[in-house]
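Student: Data file query_39.cif (mmCIF, C-alpha atoms (C1' of nucleotides)) is appended below.
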data_protein
#
loop_
_atom_site.group_PDB
_atom_site.id
_atom_site.type_symbol
_atom_site.label_atom_id
_atom_site.label_comp_id
_atom_site.auth_asym_id
_atom_site.auth_seq_id
_atom_site.Cartn_x
_atom_site.Cartn_y
_atom_site.Cartn_z
ATOM 1 C CA MET A 228 10.964 -3.721 -3.757
ATOM 2 C CA ALA A 229 8.782 -6.083 -1.758
ATOM 3 C CA GLU A 230 10.500 -9.412 -1.279
ATOM 4 C CA ALA A 231 8.130 -12.342 -1.158
ATOM 5 C CA GLY A 232 8.202 -14.871 1.647
ATOM 6 C CA ARG A 233 7.966 -12.687 4.721
ATOM 7 C CA PRO A 234 4.711 -12.759 6.702
ATOM 8 C CA ASN A 235 3.278 -9.668 5.004
ATOM 9 C CA PRO A 236 5.691 -7.202 3.488
ATOM 10 C CA ASN A 237 3.836 -3.914 3.543
ATOM 11 C CA PHE A 238 1.357 -4.878 0.913
ATOM 12 C CA MET A 239 -1.724 -2.748 1.284
ATOM 13 C CA ASN A 240 -2.860 0.578 2.496
ATOM 14 C CA GLY A 241 -5.919 1.024 4.611
ATOM 15 C CA VAL A 242 -6.303 -2.691 5.020
ATOM 16 C CA PRO A 243 -5.627 -2.622 8.754
ATOM 17 C CA GLU A 244 -8.408 -0.093 9.134
ATOM 18 C CA LEU A 245 -10.681 -2.195 6.967
ATOM 19 C CA LEU A 246 -10.080 -5.375 8.931
ATOM 20 C CA ILE A 247 -10.426 -3.654 12.277
ATOM 21 C CA LEU A 248 -13.761 -2.062 11.442
ATOM 22 C CA ARG A 249 -15.118 -5.197 9.860
ATOM 23 C CA LEU A 250 -14.167 -7.432 12.759
ATOM 24 C CA LEU A 251 -15.420 -5.014 15.379
ATOM 25 C CA LEU A 252 -18.716 -4.850 13.546
ATOM 26 C CA GLU A 253 -19.440 -8.403 14.582
ATOM 27 C CA ARG A 254 -18.598 -7.918 18.228
ATOM 28 C CA GLU A 255 -16.724 -5.464 20.382
ATOM 29 C CA MET A 256 -13.150 -6.425 21.170
ATOM 30 C CA TYR A 257 -10.100 -5.074 22.923
ATOM 31 C CA GLY A 258 -6.825 -4.379 21.172
ATOM 32 C CA TYR A 259 -4.836 -7.384 22.178
ATOM 33 C CA GLN A 260 -7.768 -9.583 21.262
ATOM 34 C CA LEU A 261 -8.015 -7.963 17.843
ATOM 35 C CA VAL A 262 -4.375 -8.664 17.127
ATOM 36 C CA ARG A 263 -5.011 -12.364 17.509
ATOM 37 C CA ALA A 264 -8.417 -12.211 15.850
ATOM 38 C CA ILE A 265 -6.813 -10.883 12.688
ATOM 39 C CA ARG A 266 -4.225 -13.625 12.668
ATOM 40 C CA GLY A 267 -6.954 -16.153 13.222
ATOM 41 C CA ALA A 268 -9.491 -14.796 10.757
ATOM 42 C CA THR A 269 -6.926 -14.638 7.977
ATOM 43 C CA GLY A 270 -5.341 -17.997 8.723
ATOM 44 C CA GLU A 271 -1.998 -16.383 9.459
ATOM 45 C CA ALA A 272 -2.019 -14.759 6.021
ATOM 46 C CA ILE A 273 -2.042 -11.358 7.675
ATOM 47 C CA ALA A 274 -0.331 -10.696 10.976
ATOM 48 C CA LEU A 275 -0.593 -7.147 12.239
ATOM 49 C CA GLY A 276 1.370 -6.361 15.370
ATOM 50 C CA GLU A 277 0.314 -4.264 18.313
ATOM 51 C CA GLY A 278 2.361 -1.417 16.903
ATOM 52 C CA VAL A 279 -0.072 -1.273 14.022
ATOM 53 C CA ILE A 280 -3.315 -2.008 15.816
ATOM 54 C CA TYR A 281 -3.121 0.307 18.804
ATOM 55 C CA PRO A 282 -2.326 3.472 16.879
ATOM 56 C CA ALA A 283 -5.010 2.577 14.355
ATOM 57 C CA LEU A 284 -7.573 2.122 17.115
ATOM 58 C CA HIS A 285 -6.639 5.463 18.641
ATOM 59 C CA ALA A 286 -6.919 7.210 15.291
ATOM 60 C CA LEU A 287 -10.259 5.600 14.505
ATOM 61 C CA GLU A 288 -11.599 6.600 17.882
ATOM 62 C CA ALA A 289 -10.312 10.153 17.461
ATOM 63 C CA ASP A 290 -12.146 10.238 14.148
ATOM 64 C CA GLY A 291 -15.336 9.074 15.800
ATOM 65 C CA ALA A 292 -15.450 5.762 13.968
ATOM 66 C CA LEU A 293 -14.972 3.812 17.170
ATOM 67 C CA ALA A 294 -16.077 4.260 20.756
ATOM 68 C CA SER A 295 -14.329 2.635 23.703
ATOM 69 C CA ARG A 296 -15.110 1.307 27.122
ATOM 70 C CA ARG A 297 -12.539 0.304 29.758
ATOM 71 C CA GLU A 298 -12.883 -2.815 31.792
ATOM 72 C CA THR A 299 -10.582 -4.409 34.321
ATOM 73 C CA VAL A 300 -10.436 -8.178 34.253
ATOM 74 C CA ALA A 301 -8.187 -10.068 36.665
ATOM 75 C CA GLY A 302 -6.042 -7.032 37.331
ATOM 76 C CA ARG A 303 -5.571 -6.230 33.645
ATOM 77 C CA THR A 304 -7.189 -3.292 31.969
ATOM 78 C CA ARG A 305 -8.890 -3.956 28.696
ATOM 79 C CA VAL A 306 -10.111 -1.274 26.344
ATOM 80 C CA TYR A 307 -13.077 -2.557 24.408
ATOM 81 C CA TYR A 308 -13.916 -0.895 21.108
ATOM 82 C CA ARG A 309 -17.175 -0.883 19.216
ATOM 83 C CA VAL A 310 -18.103 0.621 15.848
ATOM 84 C CA THR A 311 -20.144 3.807 15.905
ATOM 85 C CA THR A 312 -22.729 4.810 13.338
ATOM 86 C CA GLY A 313 -20.138 6.981 11.637
ATOM 87 C CA GLY A 314 -17.772 4.039 11.702
ATOM 88 C CA ARG A 315 -20.309 1.908 9.914
ATOM 89 C CA ARG A 316 -20.620 4.498 7.185
ATOM 90 C CA ARG A 317 -16.882 4.691 6.937
ATOM 91 C CA LEU A 318 -16.618 0.931 6.687
ATOM 92 C CA GLY A 319 -19.158 1.013 3.891
ATOM 93 C CA ARG A 320 -17.130 3.552 1.963
ATOM 94 C CA ILE A 321 -13.769 1.892 2.305
ATOM 95 C CA THR A 322 -15.210 -1.532 1.596
ATOM 96 C CA LYS A 323 -16.658 -0.233 -1.633
ATOM 97 C CA ASP A 324 -13.376 1.425 -2.597
ATOM 98 C CA TYR A 325 -11.447 -1.677 -1.735
ATOM 99 C CA SER A 326 -13.719 -3.922 -3.779
ATOM 100 C CA ARG A 327 -13.574 -1.579 -6.702
ATOM 101 C CA ILE A 328 -9.814 -1.597 -6.810
ATOM 102 C CA THR A 329 -9.248 -5.264 -6.111
ATOM 103 C CA GLY A 330 -11.924 -6.039 -8.678
ATOM 104 C CA ALA A 331 -10.027 -4.017 -11.254
ATOM 105 C CA ILE A 332 -6.811 -5.796 -10.366
ATOM 106 C CA ARG A 333 -8.483 -9.170 -10.615
ATOM 107 C CA ASP A 334 -9.647 -8.326 -14.111
ATOM 108 C CA VAL A 335 -6.113 -7.458 -15.107
ATOM 109 C CA LEU A 336 -4.731 -10.636 -13.574
ATOM 110 C CA ARG A 337 -7.280 -12.711 -15.426
ATOM 111 C CA GLY A 338 -6.096 -11.191 -18.655
ATOM 112 C CA PRO A 339 -8.012 -10.753 -21.919
ATOM 113 C CA PRO A 340 -10.546 -13.451 -22.861
ATOM 114 C CA SER A 341 -8.433 -14.573 -25.794
ATOM 115 C CA GLU A 342 -5.434 -15.386 -23.688
ATOM 116 C CA LYS A 343 -5.115 -18.682 -21.902
ATOM 117 C CA PRO A 344 -4.740 -18.111 -18.164
ATOM 118 C CA ALA A 345 -1.197 -17.361 -17.052
ATOM 119 C CA PHE A 346 -1.506 -19.457 -13.879
ATOM 120 C CA MET B 79 -5.502 7.792 7.563
ATOM 121 C CA ALA B 80 -6.445 7.180 3.929
ATOM 122 C CA GLU B 81 -9.256 9.496 2.929
ATOM 123 C CA ALA B 82 -11.659 7.961 0.431
ATOM 124 C CA GLY B 83 -12.625 9.718 -2.761
ATOM 125 C CA ARG B 84 -9.289 10.547 -4.339
ATOM 126 C CA PRO B 85 -8.268 8.593 -7.439
ATOM 127 C CA ASN B 86 -6.250 6.036 -5.528
ATOM 128 C CA PRO B 87 -5.001 6.982 -2.109
ATOM 129 C CA ASN B 88 -1.901 4.863 -1.681
ATOM 130 C CA PHE B 89 -3.752 1.663 -1.203
ATOM 131 C CA MET B 90 -1.472 -1.236 -1.949
ATOM 132 C CA ASN B 91 2.117 -2.234 -1.981
ATOM 133 C CA GLY B 92 3.607 -4.114 -4.838
ATOM 134 C CA VAL B 93 0.515 -3.654 -6.932
ATOM 135 C CA PRO B 94 2.243 -1.424 -9.487
ATOM 136 C CA GLU B 95 4.807 -4.153 -9.963
ATOM 137 C CA LEU B 96 2.082 -6.749 -10.261
ATOM 138 C CA LEU B 97 0.147 -4.826 -12.879
ATOM 139 C CA ILE B 98 3.233 -3.961 -14.866
ATOM 140 C CA LEU B 99 4.455 -7.533 -15.091
ATOM 141 C CA ARG B 100 1.020 -8.887 -15.863
ATOM 142 C CA LEU B 101 0.323 -6.416 -18.639
ATOM 143 C CA LEU B 102 3.761 -6.789 -20.180
ATOM 144 C CA LEU B 103 3.240 -10.523 -20.236
ATOM 145 C CA GLU B 104 0.609 -10.103 -22.905
ATOM 146 C CA ARG B 105 2.681 -7.861 -25.114
ATOM 147 C CA GLU B 106 5.731 -5.659 -24.844
ATOM 148 C CA MET B 107 5.033 -2.006 -24.182
ATOM 149 C CA TYR B 108 6.863 1.225 -23.544
ATOM 150 C CA GLY B 109 6.485 3.223 -20.347
ATOM 151 C CA TYR B 110 4.160 5.934 -21.474
ATOM 152 C CA GLN B 111 1.966 3.329 -23.103
ATOM 153 C CA LEU B 112 1.844 1.334 -19.895
ATOM 154 C CA VAL B 113 0.682 4.351 -17.943
ATOM 155 C CA ARG B 114 -2.383 4.594 -20.156
ATOM 156 C CA ALA B 115 -2.824 0.839 -20.398
ATOM 157 C CA ILE B 116 -3.200 0.655 -16.635
ATOM 158 C CA ARG B 117 -5.788 3.397 -16.609
ATOM 159 C CA GLY B 118 -7.609 1.647 -19.410
ATOM 160 C CA ALA B 119 -7.401 -1.905 -18.120
ATOM 161 C CA THR B 120 -8.687 -0.874 -14.700
ATOM 162 C CA GLY B 121 -11.395 1.411 -16.003
ATOM 163 C CA GLU B 122 -9.844 4.427 -14.291
ATOM 164 C CA ALA B 123 -9.992 2.612 -10.970
ATOM 165 C CA ILE B 124 -6.223 2.726 -10.765
ATOM 166 C CA ALA B 125 -4.206 5.559 -12.237
ATOM 167 C CA LEU B 126 -0.482 5.276 -11.754
ATOM 168 C CA GLY B 127 1.554 8.259 -12.862
ATOM 169 C CA GLU B 128 4.825 8.275 -14.697
ATOM 170 C CA GLY B 129 6.561 8.962 -11.421
ATOM 171 C CA VAL B 130 5.501 5.493 -10.346
ATOM 172 C CA ILE B 131 5.890 3.578 -13.579
ATOM 173 C CA TYR B 132 9.310 4.689 -14.772
ATOM 174 C CA PRO B 133 11.163 3.995 -11.546
ATOM 175 C CA ALA B 134 9.368 0.662 -11.252
ATOM 176 C CA LEU B 135 10.413 -0.308 -14.775
ATOM 177 C CA HIS B 136 14.002 0.640 -14.055
ATOM 178 C CA ALA B 137 14.019 -1.385 -10.864
ATOM 179 C CA LEU B 138 12.443 -4.412 -12.510
ATOM 180 C CA GLU B 139 14.964 -4.277 -15.297
ATOM 181 C CA ALA B 140 17.830 -3.925 -12.835
ATOM 182 C CA ASP B 141 16.475 -7.008 -11.095
ATOM 183 C CA GLY B 142 16.415 -8.906 -14.356
ATOM 184 C CA ALA B 143 12.647 -9.266 -14.449
ATOM 185 C CA LEU B 144 12.365 -7.103 -17.543
ATOM 186 C CA ALA B 145 14.489 -6.564 -20.622
ATOM 187 C CA SER B 146 14.295 -3.453 -22.769
ATOM 188 C CA ARG B 147 14.748 -2.434 -26.360
ATOM 189 C CA ARG B 148 14.927 1.163 -27.601
ATOM 190 C CA GLU B 149 13.125 2.263 -30.683
ATOM 191 C CA THR B 150 12.751 5.673 -32.247
ATOM 192 C CA VAL B 151 9.366 6.399 -33.764
ATOM 193 C CA ALA B 152 8.680 9.742 -35.418
ATOM 194 C CA GLY B 153 11.530 11.444 -33.629
ATOM 195 C CA ARG B 154 10.514 10.104 -30.233
ATOM 196 C CA THR B 155 12.446 7.461 -28.387
ATOM 197 C CA ARG B 156 10.439 4.639 -26.933
ATOM 198 C CA VAL B 157 11.798 2.080 -24.532
ATOM 199 C CA TYR B 158 9.946 -1.176 -24.967
ATOM 200 C CA TYR B 159 9.952 -3.652 -22.102
ATOM 201 C CA ARG B 160 9.282 -7.354 -22.160
ATOM 202 C CA VAL B 161 9.101 -9.905 -19.354
ATOM 203 C CA THR B 162 12.068 -12.224 -18.953
ATOM 204 C CA THR B 163 11.930 -15.803 -17.752
ATOM 205 C CA GLY B 164 12.915 -14.630 -14.292
ATOM 206 C CA GLY B 165 10.194 -12.020 -14.511
ATOM 207 C CA ARG B 166 7.627 -14.698 -15.235
ATOM 208 C CA ARG B 167 8.706 -16.588 -12.148
ATOM 209 C CA ARG B 168 8.538 -13.415 -10.143
ATOM 210 C CA LEU B 169 5.071 -12.658 -11.442
ATOM 211 C CA GLY B 170 4.007 -16.139 -10.423
ATOM 212 C CA ARG B 171 5.247 -15.593 -6.894
ATOM 213 C CA ILE B 172 3.727 -12.196 -6.325
ATOM 214 C CA THR B 173 0.449 -13.205 -7.928
ATOM 215 C CA LYS B 174 0.204 -16.111 -5.541
ATOM 216 C CA ASP B 175 1.034 -13.914 -2.551
ATOM 217 C CA TYR B 176 -1.426 -11.314 -3.671
ATOM 218 C CA SER B 177 -4.225 -13.838 -4.112
ATOM 219 C CA ARG B 178 -3.490 -15.371 -0.763
ATOM 220 C CA ILE B 179 -3.817 -12.094 1.053
ATOM 221 C CA THR B 180 -6.770 -10.668 -0.828
ATOM 222 C CA GLY B 181 -8.479 -14.021 -0.423
ATOM 223 C CA ALA B 182 -8.006 -13.792 3.312
ATOM 224 C CA ILE B 183 -9.362 -10.275 3.349
ATOM 225 C CA ARG B 184 -12.363 -11.271 1.293
ATOM 226 C CA ASP B 185 -13.165 -13.963 3.820
ATOM 227 C CA VAL B 186 -13.076 -11.430 6.603
ATOM 228 C CA LEU B 187 -15.258 -8.998 4.675
ATOM 229 C CA ARG B 188 -17.789 -11.708 4.010
ATOM 230 C CA GLY B 189 -18.041 -12.318 7.723
ATOM 231 C CA PRO B 190 -19.058 -15.477 9.550
ATOM 232 C CA PRO B 191 -21.742 -17.674 7.928
ATOM 233 C CA SER B 192 -24.227 -16.882 10.674
ATOM 234 C CA GLU B 193 -24.135 -13.189 10.064
ATOM 235 C CA LYS B 194 -26.205 -11.576 7.371
ATOM 236 C CA PRO B 195 -23.976 -9.691 4.924
ATOM 237 C CA ALA B 196 -23.049 -6.203 6.077
ATOM 238 C CA PHE B 197 -23.441 -4.745 2.586
ATOM 239 C "C1'" DG C 90 12.356 -16.258 41.458
ATOM 240 C "C1'" DA C 91 12.505 -16.442 36.654
ATOM 241 C "C1'" DC C 92 9.821 -16.549 32.718
ATOM 242 C "C1'" DA C 93 5.924 -16.556 29.577
ATOM 243 C "C1'" DA C 94 1.532 -14.614 28.548
ATOM 244 C "C1'" DT C 95 -1.587 -10.884 28.899
ATOM 245 C "C1'" DA C 96 -2.539 -5.988 27.988
ATOM 246 C "C1'" DC C 97 -1.548 -1.516 27.193
ATOM 247 C "C1'" DC C 98 1.391 2.134 24.764
ATOM 248 C "C1'" DT C 99 4.810 5.032 21.816
ATOM 249 C "C1'" DA C 100 8.660 6.320 18.987
ATOM 250 C "C1'" DT C 101 11.509 5.601 15.224
ATOM 251 C "C1'" DC C 102 12.804 3.494 10.812
ATOM 252 C "C1'" DA C 103 12.147 1.857 6.303
ATOM 253 C "C1'" DG C 104 9.782 1.358 2.172
ATOM 254 C "C1'" DT C 105 6.265 2.968 -1.292
ATOM 255 C "C1'" DT C 106 3.930 5.898 -3.806
ATOM 256 C "C1'" DC C 107 2.519 10.568 -5.115
ATOM 257 C "C1'" DG C 108 3.202 14.986 -6.997
ATOM 258 C "C1'" DA C 109 5.933 18.227 -9.026
ATOM 259 C "C1'" DT C 110 9.186 19.350 -12.131
ATOM 260 C "C1'" DG C 111 12.274 19.016 -16.023
ATOM 261 C "C1'" DT C 112 13.783 17.970 -20.877
ATOM 262 C "C1'" DA C 113 12.679 17.385 -25.733
ATOM 263 C "C1'" DT C 114 10.029 16.449 -29.994
ATOM 264 C "C1'" DG C 115 6.031 16.461 -33.125
ATOM 265 C "C1'" DA C 116 1.390 17.857 -34.217
ATOM 266 C "C1'" DT C 117 -2.356 21.031 -34.044
ATOM 267 C "C1'" DA C 118 -4.706 25.339 -33.593
ATOM 268 C "C1'" DC C 119 -4.907 30.245 -34.117
ATOM 269 C "C1'" DG D 123 4.894 31.383 -36.849
ATOM 270 C "C1'" DT D 124 4.170 30.574 -32.464
ATOM 271 C "C1'" DA D 125 1.606 28.940 -28.667
ATOM 272 C "C1'" DT D 126 -0.116 24.921 -26.938
ATOM 273 C "C1'" DC D 127 -0.938 20.191 -26.395
ATOM 274 C "C1'" DA D 128 0.254 15.266 -26.603
ATOM 275 C "C1'" DT D 129 3.956 12.246 -26.642
ATOM 276 C "C1'" DA D 130 7.969 10.189 -24.245
ATOM 277 C "C1'" DC D 131 11.561 9.988 -21.319
ATOM 278 C "C1'" DA D 132 13.378 10.931 -16.459
ATOM 279 C "C1'" DT D 133 14.244 12.195 -11.382
ATOM 280 C "C1'" DC D 134 13.623 14.206 -6.874
ATOM 281 C "C1'" DG D 135 11.461 15.308 -2.508
ATOM 282 C "C1'" DA D 136 7.272 15.028 0.320
ATOM 283 C "C1'" DA D 137 3.950 12.354 2.516
ATOM 284 C "C1'" DC D 138 2.152 8.492 4.280
ATOM 285 C "C1'" DT D 139 1.977 3.654 5.919
ATOM 286 C "C1'" DG D 140 3.084 0.096 8.410
ATOM 287 C "C1'" DA D 141 6.935 -2.772 10.566
ATOM 288 C "C1'" DT D 142 10.162 -3.148 14.235
ATOM 289 C "C1'" DA D 143 11.530 -2.470 18.486
ATOM 290 C "C1'" DG D 144 11.129 -0.969 22.798
ATOM 291 C "C1'" DG D 145 8.798 0.219 27.243
ATOM 292 C "C1'" DT D 146 5.475 -0.494 31.482
ATOM 293 C "C1'" DA D 147 2.723 -3.499 34.451
ATOM 294 C "C1'" DT D 148 0.166 -7.594 36.059
ATOM 295 C "C1'" DT D 149 -0.919 -12.512 36.425
ATOM 296 C "C1'" DG D 150 0.076 -17.280 36.179
ATOM 297 C "C1'" DT D 151 3.363 -21.070 35.716
ATOM 298 C "C1'" DC D 152 7.596 -23.842 36.394
#
Here is a file; write its structure as structure tokens.

Tutor:
Amino acid sequence: MAEAGRPNPNFMNGVPELLILRLLLEREMYGYQLVRAIRGATGEAIALGEGVIYPALHALEADGALASRRETVAGRTRVYYRVTTGGRRRLGRITKDYSRITGAIRDVLRGPPSEKPAF
Amino acid sequence: MAEAGRPNPNFMNGVPELLILRLLLEREMYGYQLVRAIRGATGEAIALGEGVIYPALHALEADGALASRRETVAGRTRVYYRVTTGGRRRLGRITKDYSRITGAIRDVLRGPPSEKPAF
DNA sequence: GACAATACCTATCAGTTCGATGTATGATAC
DNA sequence: GTATCATACATCGAACTGATAGGTATTGTC
């Protein structure tokens, strides 16, 4: 049962996918770069390792949501990913779902109008 | 990889716990009642079955976050749960964690100031 | 020459949640 | 009167994520 304090103990489902698609929408990136971009964009609140990102990128590409391009820079191979049209649709869907659910949770956390806020 | 459309495909971790504690803070409830309260409070956005709620209640009680009281009404036994002092602390912690992370995600979804909103 | 950082990758483990199933009672419909 | 549904509890196994840990290879630094 999720202990608080650790960087991010499980927490959410589909969020890695959501963050990846949203960040790649702005500009194409390669995996290793994405790993740090997520740390950076969330102010360390969310830290997804390479073991999460790479498989997710592969799956998204296999699903046609991402397309990739290889480039070798200073002897290192980078695989740049960009969002496809299908990926944009997918991002739209999951963003809507995500907002719907977190919105519902927020309402519950706020509590009924009568009650003075719990926090 | 989380298919959209189903009632609530996995989605989050610790959210059942969060909702349970928050709703029980307002008034004590029994398990079956909670199942419907969650459906109701989230406008069907989140529907947690009994297979989620009962084990969660047992675990929270075992952890000292909830206390229970049995009552028989019209031949049916109800187990009412209320939040303990420790449970209130716990709710405070996980609410803060939750807000921190969803806040970070919201920032990412909003995108950089320069960019026009994606949706 | 060792070590850290970059850059890719995969396999396994652990934790959650979902779905199915089971028991039992009371109320309702036929 | 009996079949069915809603109430109310409970547990187990399956499925899915995501976290951890490991593995390769190159470049740059001390």

Student: From the list C:DA91, C:DC98, C:DA109, C:DC119, which residue is nearest chain A when using all atoms listed in the file?

Tutor: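 Among the listed residues, C:DC98 lies closest to chain A.
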
Student: Using all atoms listed in the file, which residues sit within 8 Å of A:Tyr308 once same-chain residues fewer than 2 positions away are excluded, as number ranges by chain?

Tutor: A: 251, 255-258, 293-296, 306, 310

Student: Next, the residues of the selection above should be written as a PDB file, in the frame of the given file with C-alpha atoms.

Tutor:
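Final output, saved to out.pdb:
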ATOM      1  CA  LEU A 251     -15.420  -5.014  15.379  1.00  0.00           C
ATOM      2  CA  GLU A 255     -16.724  -5.464  20.382  1.00  0.00           C
ATOM      3  CA  MET A 256     -13.150  -6.425  21.170  1.00  0.00           C
ATOM      4  CA  TYR A 257     -10.100  -5.074  22.923  1.00  0.00           C
ATOM      5  CA  GLY A 258      -6.825  -4.379  21.172  1.00  0.00           C
ATOM      6  CA  LEU A 293     -14.972   3.812  17.170  1.00  0.00           C
ATOM      7  CA  ALA A 294     -16.077   4.260  20.756  1.00  0.00           C
ATOM      8  CA  SER A 295     -14.329   2.635  23.703  1.00  0.00           C
ATOM      9  CA  ARG A 296     -15.110   1.307  27.122  1.00  0.00           C
ATOM     10  CA  VAL A 306     -10.111  -1.274  26.344  1.00  0.00           C
ATOM     11  CA  VAL A 310     -18.103   0.621  15.848  1.00  0.00           C
TER      12      VAL A 310
END

Student: To one decimal in Å, tell me the separation between atom CA of B:Ala137 and atom CA of A:Ala274.

Tutor: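 Computed distance, atom CA of B:Ala137 to atom CA of A:Ala274, equals 27.7 Å.
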
Student: Determine, counting all atoms listed in the file, which protein, DNA and RNA residues have an atom within 12 Å of an atom of C:DC102; residues of the same chain fewer than 2 positions away are not included. Present the result as a PyMOL selection string.

Tutor: (chain C and resi 100+104) or (chain D and resi 139-143)

Student: Here is a test: counting all atoms listed in the file, which residue of D:DA147, D:DC127, D:DC134, D:DC152 is nearest to C:DG115?

Tutor: D:DC127

Student: Once 6 Å is added on each side, what are the centre and the three edge lengths, in Å to one decimal, of the axis-aligned box enclosing the listed atoms of stretch 128-133 of chain D? Present them as AutoDock Vina command-line options.

Tutor:
--center_x 7.2 --center_y 12.6 --center_z -19.0 --size_x 26.0 --size_y 17.3 --size_z 27.3

Student: Mind giving me the straight-line distance from atom CA of B:Thr155 to atom CA of A:Val335 in Å, one decimal?

Tutor: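 These two atoms are separated by 27.3 Å.
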
Student: Quick one: residues within 12 Å of D:DA128, only C-alpha atoms (C1' of nucleotides) counted, chain neighbours fewer than 3 positions away excluded, as a list in words?

Tutor: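 Surrounding residues, per the criterion: Tyr110 of chain B; DT114, DG115, DA116 and DT117 of chain C.
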
Student: Quick check, in Å to one decimal: how far apart do atom C1' of D:DC131 and atom CA of B:Tyr132 lie?

Tutor: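 One can read the atom C1' of D:DC131 to atom CA of B:Tyr132 distance as 8.7 Å.
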
Student: Could you add whatever atoms are missing so that stretch 312-323 of chain A carries N, CA, C and O atoms, then write the result as a short mmCIF file (atom, residue, chain, number, x, y, z; two decimals), keeping the file's coordinate frame?

Tutor:
data_model
loop_
_atom_site.label_atom_id
_atom_site.label_comp_id
_atom_site.auth_asym_id
_atom_site.auth_seq_id
_atom_site.Cartn_x
_atom_site.Cartn_y
_atom_site.Cartn_z
N THR A 312 -21.95 4.65 14.57
CA THR A 312 -22.73 4.81 13.34
C THR A 312 -21.85 5.38 12.23
O THR A 312 -21.86 4.91 11.09
N GLY A 313 -21.07 6.40 12.60
CA GLY A 313 -20.14 6.98 11.64
C GLY A 313 -19.13 5.95 11.15
O GLY A 313 -18.75 5.94 9.98
N GLY A 314 -18.72 5.09 12.05
CA GLY A 314 -17.77 4.04 11.70
C GLY A 314 -18.36 3.06 10.70
O GLY A 314 -17.66 2.58 9.81
N ARG A 315 -19.65 2.81 10.86
CA ARG A 315 -20.31 1.91 9.91
C ARG A 315 -20.35 2.53 8.53
O ARG A 315 -20.09 1.86 7.53
N ARG A 316 -20.64 3.80 8.49
CA ARG A 316 -20.62 4.50 7.18
C ARG A 316 -19.23 4.43 6.58
O ARG A 316 -19.06 4.14 5.39
N ARG A 317 -18.26 4.71 7.41
CA ARG A 317 -16.88 4.69 6.94
C ARG A 317 -16.50 3.32 6.41
O ARG A 317 -15.87 3.19 5.37
N LEU A 318 -16.89 2.29 7.14
CA LEU A 318 -16.62 0.93 6.69
C LEU A 318 -17.26 0.67 5.33
O LEU A 318 -16.67 0.05 4.45
N GLY A 319 -18.48 1.17 5.17
CA GLY A 319 -19.16 1.01 3.89
C GLY A 319 -18.37 1.64 2.75
O GLY A 319 -18.14 1.02 1.71
N ARG A 320 -17.91 2.84 2.99
CA ARG A 320 -17.13 3.55 1.96
C ARG A 320 -15.86 2.80 1.60
O ARG A 320 -15.59 2.53 0.43
N ILE A 321 -15.07 2.49 2.62
CA ILE A 321 -13.77 1.89 2.31
C ILE A 321 -13.92 0.47 1.77
O ILE A 321 -13.10 0.01 0.97
N THR A 322 -14.97 -0.20 2.16
CA THR A 322 -15.21 -1.53 1.60
C THR A 322 -15.52 -1.42 0.11
O THR A 322 -14.99 -2.21 -0.70
N LYS A 323 -16.31 -0.45 -0.23
CA LYS A 323 -16.66 -0.23 -1.63
C LYS A 323 -15.40 0.11 -2.44
O LYS A 323 -15.16 -0.47 -3.50
#
